[in-house]
>>> print(open('upload.txt').read())   # compact mmCIF, C-alpha atoms
# COMPACT_ATOMS: atom_id res chain seq x y z
CA MET A 1 0.00 0.00 0.00
CA LYS A 2 2.92 2.38 0.66
CA LYS A 3 4.17 1.97 -2.92
CA ALA A 4 0.68 2.72 -4.25
CA LEU A 5 0.50 5.86 -2.11
CA PHE A 6 3.85 7.18 -3.37
CA THR A 7 2.75 6.54 -6.97
CA VAL A 8 -0.48 8.47 -6.47
CA VAL A 9 1.31 11.42 -4.83
CA ALA A 10 3.93 11.60 -7.62
CA PHE A 11 1.22 11.54 -10.27
CA LEU A 12 -0.76 14.30 -8.57
CA ALA A 13 2.29 16.49 -8.11
CA SER A 14 3.26 16.23 -11.80
CA THR A 15 -0.32 16.83 -12.96
CA TYR A 16 -0.97 19.96 -10.93
CA ALA A 17 2.52 21.44 -10.62
CA SER A 18 1.98 24.14 -13.23
CA SER A 19 -1.32 25.41 -11.81
CA ALA A 20 -1.01 24.67 -8.08
CA LEU A 21 -2.10 27.40 -5.69
CA THR A 22 -1.56 25.55 -2.42
CA ILE A 23 0.48 22.47 -1.61
CA GLU A 24 0.36 21.06 1.91
CA GLY A 25 1.75 17.97 3.58
CA GLY A 26 2.26 16.61 7.04
CA GLY A 27 3.23 13.64 9.11
CA GLY A 28 3.07 12.57 12.70
CA ALA A 29 1.98 9.90 15.14
CA TRP A 30 -1.45 8.68 16.29
CA ARG A 31 -1.97 6.80 19.57
CA GLU A 32 -4.37 4.12 18.29
CA LYS A 33 -6.62 2.48 20.90
CA PRO A 34 -8.72 -0.32 19.35
CA THR A 35 -11.81 -1.95 20.87
CA GLY A 36 -14.52 -4.19 19.43
CA TRP A 37 -14.82 -7.54 17.67
CA ILE A 38 -14.19 -9.43 14.42
CA GLU A 39 -16.42 -12.11 12.95
CA TYR A 40 -16.13 -14.05 9.73
CA THR A 41 -18.01 -16.89 8.11
CA THR A 42 -16.40 -20.09 6.86
CA ASN A 43 -18.28 -22.38 4.45
CA THR A 44 -17.08 -26.01 4.39
CA SER A 45 -18.37 -28.59 1.92
CA THR A 46 -19.41 -31.90 3.50
CA ALA A 47 -21.09 -35.09 2.29
CA ILE A 48 -24.47 -33.79 3.46
CA GLY A 49 -24.08 -30.22 2.22
CA THR A 50 -22.37 -26.96 3.17
CA LEU A 51 -21.46 -26.40 6.80
CA THR A 52 -21.42 -22.72 7.81
CA THR A 53 -19.34 -21.67 10.81
CA LYS A 54 -19.24 -18.18 12.29
CA THR A 55 -16.24 -16.89 14.22
CA HIS A 56 -16.66 -14.13 16.80
CA VAL A 57 -13.55 -12.78 18.52
CA ASN A 58 -13.14 -9.81 20.86
CA LEU A 59 -9.99 -7.74 20.24
CA LYS A 60 -9.21 -7.08 23.89
CA GLU A 61 -10.66 -10.06 25.77
CA ASP A 62 -9.78 -12.83 23.30
CA LEU A 63 -6.87 -11.50 21.26
CA HIS A 64 -5.29 -9.31 23.97
CA VAL A 65 -4.64 -6.60 21.37
CA SER A 66 -2.69 -3.68 22.83
CA ASP A 67 -2.69 0.04 22.00
CA LYS A 68 -0.09 1.25 19.52
CA THR A 69 1.43 4.55 18.40
CA LYS A 70 1.77 4.63 14.60
CA ALA A 71 3.15 7.16 12.14
CA SER A 72 0.93 8.49 9.34
CA GLY A 73 1.22 11.09 6.60
CA TRP A 74 -0.80 13.06 4.09
CA PHE A 75 -0.45 15.27 1.02
CA LYS A 76 -2.89 17.86 -0.34
CA ILE A 77 -3.09 19.91 -3.54
CA GLU A 78 -5.51 22.80 -4.04
CA HIS A 79 -5.36 24.19 -7.56
CA GLY A 80 -7.00 26.88 -9.65
CA ILE A 81 -8.50 24.65 -12.35
CA PRO A 82 -12.24 25.43 -12.69
CA LEU A 83 -14.74 22.63 -11.99
CA LEU A 84 -12.04 20.13 -10.99
CA PRO A 85 -11.99 19.11 -7.31
CA ASP A 86 -9.01 19.59 -5.02
CA ILE A 87 -7.44 16.41 -3.69
CA ARG A 88 -5.99 15.01 -0.49
CA VAL A 89 -4.24 11.66 0.00
CA GLN A 90 -3.49 10.11 3.39
CA TYR A 91 -1.88 6.86 4.52
CA THR A 92 -2.70 5.50 7.98
CA PRO A 93 -1.05 2.24 9.06
CA MET A 94 -2.86 0.21 11.71
CA SER A 95 -1.09 -2.86 13.03
CA PHE A 96 -1.75 -4.36 16.45
CA SER A 97 -0.53 -7.45 18.23
CA GLY A 98 -1.14 -9.17 21.52
CA SER A 99 -0.48 -12.29 23.54
CA GLY A 100 -1.85 -13.94 26.64
CA PHE A 101 -3.86 -16.76 28.15
CA VAL A 102 -7.48 -17.17 27.08
CA ASP A 103 -10.16 -16.77 29.75
CA GLY A 104 -12.83 -18.64 27.75
CA SER A 105 -12.83 -20.87 24.67
CA PHE A 106 -13.70 -19.50 21.21
CA THR A 107 -13.55 -20.61 17.59
CA PHE A 108 -11.51 -18.74 15.01
CA GLY A 109 -11.90 -20.21 11.54
CA ASP A 110 -10.85 -23.86 11.58
CA ILE A 111 -9.33 -23.83 15.07
CA THR A 112 -10.97 -23.86 18.47
CA VAL A 113 -8.99 -22.07 21.16
CA ASN A 114 -9.55 -23.70 24.53
CA GLU A 115 -9.78 -22.02 27.90
CA THR A 116 -6.31 -21.37 29.39
CA ASP A 117 -4.60 -21.74 25.97
CA TYR A 118 -1.84 -19.25 25.29
CA VAL A 119 -2.41 -17.25 22.08
CA GLU A 120 -0.53 -14.70 19.99
CA SER A 121 -2.58 -12.46 17.71
CA LYS A 122 -2.22 -9.86 14.98
CA PHE A 123 -4.76 -7.39 13.65
CA GLU A 124 -4.20 -4.93 10.78
CA ALA A 125 -6.43 -2.34 9.12
CA ASN A 126 -4.03 -0.27 7.00
CA GLN A 127 -5.80 2.55 5.19
CA ILE A 128 -5.36 4.82 2.18
CA ASP A 129 -7.75 7.77 1.91
CA VAL A 130 -8.22 9.70 -1.32
CA THR A 131 -10.46 12.76 -0.87
CA LEU A 132 -11.88 14.85 -3.72
CA TYR A 133 -13.53 18.04 -2.47
CA TYR A 134 -14.82 21.52 -3.29
CA HIS A 135 -14.74 24.70 -1.22
CA MET A 136 -17.88 26.57 -0.29
CA PRO A 137 -18.02 29.41 -2.85
CA PHE A 138 -16.85 32.85 -1.72
CA LEU A 139 -16.50 31.89 1.97
CA ARG A 140 -12.72 32.27 1.99
CA THR A 141 -12.97 35.56 0.12
CA ILE A 142 -15.53 37.22 2.38
CA SER A 143 -13.74 35.98 5.53
CA ASN A 144 -10.31 37.08 4.29
CA ASP A 145 -9.11 33.45 4.37
CA LYS A 146 -10.02 33.02 8.02
CA VAL A 147 -12.89 30.55 7.48
CA ASP A 148 -13.13 27.65 5.02
CA LEU A 149 -15.68 24.86 4.51
CA LYS A 150 -15.21 21.90 2.15
CA ALA A 151 -17.41 19.02 0.99
CA GLY A 152 -16.79 16.09 -1.31
CA ILE A 153 -16.16 12.34 -1.51
CA ASN A 154 -13.59 10.27 0.37
CA VAL A 155 -12.61 6.80 -0.84
CA LYS A 156 -11.05 4.74 1.94
CA VAL A 157 -9.27 1.51 1.01
CA ILE A 158 -8.90 -0.78 4.04
CA ASP A 159 -6.34 -3.57 3.84
CA GLY A 160 -7.43 -5.82 6.71
CA TYR A 161 -5.82 -8.87 8.28
CA ALA A 162 -6.48 -10.89 11.43
CA GLU A 163 -4.44 -13.81 12.74
CA VAL A 164 -4.70 -16.05 15.79
CA LYS A 165 -1.85 -18.41 16.72
CA ASP A 166 -2.65 -20.93 19.45
CA ILE A 167 0.78 -21.59 20.93
CA THR A 168 -0.54 -24.34 23.21
CA GLN A 169 -1.94 -26.36 20.30
CA GLY A 170 0.63 -25.26 17.73
CA ARG A 171 -2.07 -24.12 15.29
CA LYS A 172 -2.68 -20.87 13.41
CA GLU A 173 -5.58 -19.33 11.47
CA SER A 174 -5.87 -16.05 9.59
CA LYS A 175 -8.30 -14.00 7.49
CA SER A 176 -7.61 -11.09 5.14
CA ALA A 177 -9.73 -8.73 3.02
CA THR A 178 -9.22 -5.52 1.03
CA ILE A 179 -12.29 -3.31 1.16
CA PRO A 180 -12.81 -0.02 -0.76
CA VAL A 181 -15.27 2.29 1.00
CA PRO A 182 -16.67 5.47 -0.65
CA MET A 183 -17.73 8.03 1.95
CA ALA A 184 -19.27 11.49 2.14
CA HIS A 185 -16.75 14.09 3.29
CA LEU A 186 -17.08 17.39 5.18
CA SER A 187 -14.26 19.47 6.61
CA GLY A 188 -13.42 23.02 7.54
CA LYS A 189 -11.08 25.35 9.36
CA ILE A 190 -11.09 28.57 11.30
CA ARG A 191 -7.90 30.60 11.54
CA PRO A 192 -8.70 33.78 13.48
CA ILE A 193 -5.05 34.85 13.66
CA ASP A 194 -1.97 33.88 11.66
CA LEU A 195 -0.45 31.99 14.59
CA VAL A 196 -3.31 29.58 15.40
CA GLY A 197 -5.90 27.60 13.43
CA PHE A 198 -8.65 25.09 14.27
CA GLU A 199 -9.63 22.31 11.85
CA PHE A 200 -12.18 19.51 11.72
CA SER A 201 -13.08 16.79 9.25
CA GLY A 202 -15.54 13.92 9.03
CA ASN A 203 -16.28 11.01 6.69
CA TRP A 204 -19.38 8.80 6.77
CA ILE A 205 -21.31 6.15 4.88
CA GLY A 206 -23.94 3.62 5.87
CA TYR A 207 -25.50 0.86 3.78
CA SER A 208 -26.82 -2.71 4.11
CA GLY A 209 -26.09 -2.89 7.83
CA SER A 210 -22.53 -1.59 7.45
CA GLN A 211 -21.44 1.79 8.75
CA PHE A 212 -18.14 3.62 8.52
CA TYR A 213 -17.42 6.98 10.05
CA GLU A 214 -14.54 8.98 11.41
CA ALA A 215 -14.08 12.41 12.95
CA ILE A 216 -10.96 14.50 13.46
CA ALA A 217 -10.49 17.72 15.44
CA GLU A 218 -7.14 19.51 15.51
CA THR A 219 -5.48 22.69 16.73
CA LYS A 220 -2.59 23.96 14.59
CA VAL A 221 0.10 26.46 15.50
CA TYR A 222 2.17 28.22 12.82
CA PRO A 223 5.40 29.31 14.57
CA ILE A 224 7.21 29.97 11.27
CA LYS A 225 5.81 30.96 7.90
CA HIS A 226 4.89 27.89 5.81
CA LEU A 227 5.37 25.49 8.75
CA PHE A 228 2.94 24.18 11.38
CA VAL A 229 2.65 21.81 14.32
CA GLY A 230 -0.66 20.28 15.35
CA LEU A 231 -2.34 18.39 18.15
CA GLY A 232 -5.70 16.67 17.81
CA TYR A 233 -8.03 13.74 18.40
CA ARG A 234 -9.15 11.11 15.88
CA TYR A 235 -12.03 8.63 16.14
CA GLN A 236 -13.02 5.83 13.75
CA ARG A 237 -15.75 3.21 13.72
CA LEU A 238 -15.59 0.35 11.21
CA LYS A 239 -18.84 -1.62 11.27
CA ILE A 240 -18.91 -4.24 8.50
CA ASP A 241 -21.87 -6.52 7.92
CA ASN A 242 -20.75 -9.59 5.96
CA ILE A 243 -18.51 -8.10 3.27
CA GLU A 244 -16.36 -10.86 1.74
CA ASP A 245 -17.57 -13.09 4.64
CA LEU A 246 -16.14 -10.58 7.13
CA SER A 247 -18.06 -8.70 9.83
CA THR A 248 -16.63 -6.27 12.39
CA ASP A 249 -17.57 -3.59 14.85
CA ILE A 250 -14.28 -1.90 15.68
CA LYS A 251 -13.64 1.50 17.24
CA ILE A 252 -10.19 3.09 17.05
CA LYS A 253 -9.56 6.38 18.82
CA GLY A 254 -6.83 8.47 20.37
CA VAL A 255 -4.79 11.66 20.30
CA PHE A 256 -2.30 12.52 17.56
CA ALA A 257 0.46 15.04 16.94
CA GLU A 258 1.95 16.14 13.63
CA ALA A 259 4.11 18.68 11.87
CA GLY A 260 4.03 19.86 8.26
CA PHE A 261 4.27 22.57 5.63
CA GLU A 262 2.08 24.65 3.35
CA PHE A 263 3.05 26.73 0.32
>>> encode(input="upload.txt", output="structure tokens")
Amino acid sequence: MKKALFTVVAFLASTYASSALTIEGGGGAWREKPTGWIEYTTNTSTAIGTLTTKTHVNLKEDLHVSDKTKASGWFKIEHGIPLLPDIRVQYTPMSFSGSGFVDGSFTFGDITVNETDYVESKFEANQIDVTLYYHMPFLRTISNDKVDLKAGINVKVIDGYAEVKDITQGRKESKSATIPVPMAHLSGKIRPIDLVGFEFSGNWIGYSGSQFYEAIAETKVYPIKHLFVGLGYRYQRLKIDNIEDLSTDIKIKGVFAEAGFEF
């Protein structure tokens, strides 16, 4: 996914270089705190028909998944080409692991983890977000660039993976899925003085029992022209209802800090 992100950014930079009005980028770290569960369906052919098995695993209680601090980065281009949307690309890695003794038995795919078994687990939900958006007409002009409001479409590609290794039994099971999710996007900022700005953004979609949404609030300080540092809070909920035999209800939240540039 990282290689795909770099390819997209290079293409965007070459496409808009001659007409770019604003180029921004940033990177930092997010303290990711996951909670929730994963469930997937396994269909096994037998002599009497198809046997359907559902797996339901709790991230904290069963997999002992721990909080992680992960780096992330983004790149944005706002141009002066009429009718074409501005664009923002972000990469957010999510990779968690855990280990411990199981308090109660559960089934994960083709293995049954027994009570008091020792397990090691991995859970990933790496994400690439590509956002196409428009500014509310004339708002920046009449506010002298102090207020901005944007709306558009965000496409989130989630590269998910879950693995359970039962050390006691010497068995392992895993499940992976890549899921593209188109979402409605709304964001804005208020910068009352040159030194400080406040920003927010949100993405949401709901359909067929699935629901994805995230919200970000951030305070930015501009100590030097063209440079900023920021501190904020990010919240995500990934509720999947049987997409590629995978169901989840996962919440990931926590504070983040970043630094970046704008020209």
>>> atom_distance(input="upload.txt", atom1="CA of Ile128 in chain A", atom2="CA of Tyr91 in chain A")
4.7 Å
>>> closest_atom_pairs(input="upload.txt", of="range 151-193 of chain A", to="range 240-257 of chain A", cutoff="9 Å", atoms="all atoms listed in the file", output="tab-separated table")
residue	atom	partner	partner_atom	distance
A:Lys175	CA	A:Leu246	CA	8.6
A:Ser176	CA	A:Leu246	CA	8.8
A:Ala177	CA	A:Glu244	CA	7.1
A:Thr178	CA	A:Glu244	CA	8.9
A:Ile179	CA	A:Ile243	CA	8.1
>>> closest_residue(input="upload.txt", among="A:Thr55, A:Gly160, A:Val147, A:Gly73", to="Phe108 in chain A", atoms="all atoms listed in the file")
A:Thr55
>>> atom_distance(input="upload.txt", atom1="CA of Val57 in chain A", atom2="CA of Gly206 in chain A")
23.2 Å
>>> closest_residue(input="upload.txt", among="A:Val229, A:Met94, A:Ile81, A:Ala259", to="Ala125 in chain A", atoms="all atoms listed in the file")
A:Met94
>>> residues_around(input="upload.txt", residues="Asp86 in chain A", least_positions_apart="6", cutoff="8 Å", atoms="all atoms listed in the file", output="PyMOL selection string")
chain A and resi 76-79+132-134
>>> residues_around(input="upload.txt", residues="Ala184 in chain A", least_positions_apart="2", cutoff="6 Å", atoms="all atoms listed in the file", output="PyMOL selection string")
chain A and resi 153+203-204
>>> atom_distance(input="upload.txt", atom1="CA of Ile87 in chain A", atom2="CA of Phe75 in chain A")
8.5 Å
>>> axis_aligned_box(input="upload.txt", around="range 198-210 of chain A", padding_each_side="5 Å", output="lines of an AutoDock Vina configuration file")
center_x = -17.7
center_y = 11.1
center_z = 9.0
size_x = 28.2
size_y = 38.0
size_z = 20.5
>>> closest_residue(input="upload.txt", among="A:Ser174, A:Ser187, A:Gln211, A:Gln236", to="Tyr40 in chain A", atoms="all atoms listed in the file")
A:Ser174
>>> residues_around(input="upload.txt", residues="Glu115 in chain A", least_positions_apart="5", cutoff="8 Å", atoms="all atoms listed in the file", output="VMD selection string")
chain A and resid 101 to 105
>>> decode(input="upload.txt", residues="range 59-71 of chain A", atoms="all heavy atoms", output="PDB file, in the first residue's frame")
ATOM      1  N   LEU A  59     -11.384  -8.174  20.383  1.00  0.00           N
ATOM      2  CA  LEU A  59      -9.987  -7.744  20.243  1.00  0.00           C
ATOM      3  C   LEU A  59      -9.239  -7.712  21.571  1.00  0.00           C
ATOM      4  O   LEU A  59      -8.072  -8.117  21.647  1.00  0.00           O
ATOM      5  CB  LEU A  59      -9.936  -6.355  19.591  1.00  0.00           C
ATOM      6  CG  LEU A  59     -10.413  -6.231  18.151  1.00  0.00           C
ATOM      7  CD1 LEU A  59     -10.262  -4.795  17.670  1.00  0.00           C
ATOM      8  CD2 LEU A  59      -9.649  -7.173  17.235  1.00  0.00           C
ATOM      9  N   LYS A  60      -9.887  -7.221  22.595  1.00  0.00           N
ATOM     10  CA  LYS A  60      -9.213  -7.080  23.887  1.00  0.00           C
ATOM     11  C   LYS A  60      -9.280  -8.365  24.714  1.00  0.00           C
ATOM     12  O   LYS A  60      -8.263  -8.854  25.209  1.00  0.00           O
ATOM     13  CB  LYS A  60      -9.840  -5.923  24.678  1.00  0.00           C
ATOM     14  CG  LYS A  60      -9.562  -4.539  24.096  1.00  0.00           C
ATOM     15  CD  LYS A  60      -8.105  -4.158  24.241  1.00  0.00           C
ATOM     16  CE  LYS A  60      -7.867  -2.710  23.846  1.00  0.00           C
ATOM     17  NZ  LYS A  60      -6.442  -2.322  23.953  1.00  0.00           N
ATOM     18  N   GLU A  61     -10.482  -8.937  24.867  1.00  0.00           N
ATOM     19  CA  GLU A  61     -10.657 -10.064  25.770  1.00  0.00           C
ATOM     20  C   GLU A  61     -10.084 -11.360  25.209  1.00  0.00           C
ATOM     21  O   GLU A  61      -9.518 -12.166  25.958  1.00  0.00           O
ATOM     22  CB  GLU A  61     -12.145 -10.235  26.075  1.00  0.00           C
ATOM     23  CG  GLU A  61     -12.757  -9.052  26.816  1.00  0.00           C
ATOM     24  CD  GLU A  61     -14.259  -9.189  26.975  1.00  0.00           C
ATOM     25  OE1 GLU A  61     -14.796 -10.252  26.575  1.00  0.00           O
ATOM     26  OE2 GLU A  61     -14.889  -8.257  27.478  1.00  0.00           O
ATOM     27  N   ASP A  62     -10.242 -11.576  23.894  1.00  0.00           N
ATOM     28  CA  ASP A  62      -9.782 -12.831  23.298  1.00  0.00           C
ATOM     29  C   ASP A  62      -8.383 -12.729  22.692  1.00  0.00           C
ATOM     30  O   ASP A  62      -7.559 -13.629  22.849  1.00  0.00           O
ATOM     31  CB  ASP A  62     -10.766 -13.297  22.210  1.00  0.00           C
ATOM     32  CG  ASP A  62     -12.144 -13.605  22.768  1.00  0.00           C
ATOM     33  OD1 ASP A  62     -12.226 -14.132  23.893  1.00  0.00           O
ATOM     34  OD2 ASP A  62     -13.150 -13.309  22.087  1.00  0.00           O
ATOM     35  N   LEU A  63      -8.136 -11.627  21.965  1.00  0.00           N
ATOM     36  CA  LEU A  63      -6.866 -11.497  21.257  1.00  0.00           C
ATOM     37  C   LEU A  63      -5.815 -10.712  22.037  1.00  0.00           C
ATOM     38  O   LEU A  63      -4.661 -10.648  21.610  1.00  0.00           O
ATOM     39  CB  LEU A  63      -7.089 -10.832  19.898  1.00  0.00           C
ATOM     40  CG  LEU A  63      -8.058 -11.547  18.952  1.00  0.00           C
ATOM     41  CD1 LEU A  63      -8.079 -10.842  17.598  1.00  0.00           C
ATOM     42  CD2 LEU A  63      -7.679 -13.009  18.778  1.00  0.00           C
ATOM     43  N   HIS A  64      -6.222 -10.072  23.128  1.00  0.00           N
ATOM     44  CA  HIS A  64      -5.293  -9.306  23.971  1.00  0.00           C
ATOM     45  C   HIS A  64      -4.553  -8.235  23.164  1.00  0.00           C
ATOM     46  O   HIS A  64      -3.359  -7.977  23.381  1.00  0.00           O
ATOM     47  CB  HIS A  64      -4.278 -10.233  24.651  1.00  0.00           C
ATOM     48  CG  HIS A  64      -4.907 -11.287  25.513  1.00  0.00           C
ATOM     49  ND1 HIS A  64      -5.380 -11.035  26.777  1.00  0.00           N
ATOM     50  CD2 HIS A  64      -5.152 -12.602  25.274  1.00  0.00           C
ATOM     51  CE1 HIS A  64      -5.877 -12.140  27.292  1.00  0.00           C
ATOM     52  NE2 HIS A  64      -5.754 -13.111  26.399  1.00  0.00           N
ATOM     53  N   VAL A  65      -5.254  -7.617  22.216  1.00  0.00           N
ATOM     54  CA  VAL A  65      -4.644  -6.597  21.370  1.00  0.00           C
ATOM     55  C   VAL A  65      -4.330  -5.357  22.198  1.00  0.00           C
ATOM     56  O   VAL A  65      -5.169  -4.868  22.963  1.00  0.00           O
ATOM     57  CB  VAL A  65      -5.582  -6.235  20.201  1.00  0.00           C
ATOM     58  CG1 VAL A  65      -5.110  -4.990  19.489  1.00  0.00           C
ATOM     59  CG2 VAL A  65      -5.656  -7.406  19.224  1.00  0.00           C
ATOM     60  N   SER A  66      -3.130  -4.831  22.038  1.00  0.00           N
ATOM     61  CA  SER A  66      -2.688  -3.677  22.832  1.00  0.00           C
ATOM     62  C   SER A  66      -2.716  -2.398  21.995  1.00  0.00           C
ATOM     63  O   SER A  66      -2.736  -2.441  20.769  1.00  0.00           O
ATOM     64  CB  SER A  66      -1.277  -3.912  23.365  1.00  0.00           C
ATOM     65  OG  SER A  66      -0.374  -4.155  22.295  1.00  0.00           O
ATOM     66  N   ASP A  67      -2.725  -1.262  22.676  1.00  0.00           N
ATOM     67  CA  ASP A  67      -2.686   0.038  22.003  1.00  0.00           C
ATOM     68  C   ASP A  67      -1.323   0.236  21.342  1.00  0.00           C
ATOM     69  O   ASP A  67      -0.303  -0.261  21.826  1.00  0.00           O
ATOM     70  CB  ASP A  67      -2.937   1.164  23.008  1.00  0.00           C
ATOM     71  CG  ASP A  67      -4.274   1.009  23.733  1.00  0.00           C
ATOM     72  OD1 ASP A  67      -5.125   0.262  23.231  1.00  0.00           O
ATOM     73  OD2 ASP A  67      -4.452   1.644  24.780  1.00  0.00           O
ATOM     74  N   LYS A  68      -1.326   0.994  20.237  1.00  0.00           N
ATOM     75  CA  LYS A  68      -0.088   1.251  19.517  1.00  0.00           C
ATOM     76  C   LYS A  68      -0.016   2.714  19.101  1.00  0.00           C
ATOM     77  O   LYS A  68      -1.037   3.366  18.872  1.00  0.00           O
ATOM     78  CB  LYS A  68       0.001   0.383  18.252  1.00  0.00           C
ATOM     79  CG  LYS A  68       0.110  -1.104  18.505  1.00  0.00           C
ATOM     80  CD  LYS A  68       1.464  -1.488  19.083  1.00  0.00           C
ATOM     81  CE  LYS A  68       1.593  -3.001  19.230  1.00  0.00           C
ATOM     82  NZ  LYS A  68       2.898  -3.379  19.796  1.00  0.00           N
ATOM     83  N   THR A  69       1.202   3.222  18.982  1.00  0.00           N
ATOM     84  CA  THR A  69       1.432   4.546  18.398  1.00  0.00           C
ATOM     85  C   THR A  69       2.039   4.338  17.024  1.00  0.00           C
ATOM     86  O   THR A  69       3.095   3.722  16.900  1.00  0.00           O
ATOM     87  CB  THR A  69       2.384   5.386  19.269  1.00  0.00           C
ATOM     88  OG1 THR A  69       1.787   5.563  20.565  1.00  0.00           O
ATOM     89  CG2 THR A  69       2.629   6.749  18.636  1.00  0.00           C
ATOM     90  N   LYS A  70       1.350   4.855  15.984  1.00  0.00           N
ATOM     91  CA  LYS A  70       1.773   4.628  14.604  1.00  0.00           C
ATOM     92  C   LYS A  70       1.940   5.953  13.871  1.00  0.00           C
ATOM     93  O   LYS A  70       1.170   6.905  14.071  1.00  0.00           O
ATOM     94  CB  LYS A  70       0.743   3.771  13.864  1.00  0.00           C
ATOM     95  CG  LYS A  70       0.723   2.316  14.301  1.00  0.00           C
ATOM     96  CD  LYS A  70       1.954   1.596  13.819  1.00  0.00           C
ATOM     97  CE  LYS A  70       1.909   0.121  14.149  1.00  0.00           C
ATOM     98  NZ  LYS A  70       3.085  -0.595  13.628  1.00  0.00           N
ATOM     99  N   ALA A  71       2.938   5.987  12.986  1.00  0.00           N
ATOM    100  CA  ALA A  71       3.151   7.164  12.145  1.00  0.00           C
ATOM    101  C   ALA A  71       2.161   7.161  10.987  1.00  0.00           C
ATOM    102  O   ALA A  71       1.718   6.109  10.516  1.00  0.00           O
ATOM    103  CB  ALA A  71       4.576   7.177  11.605  1.00  0.00           C
TER     104      ALA A  71
END
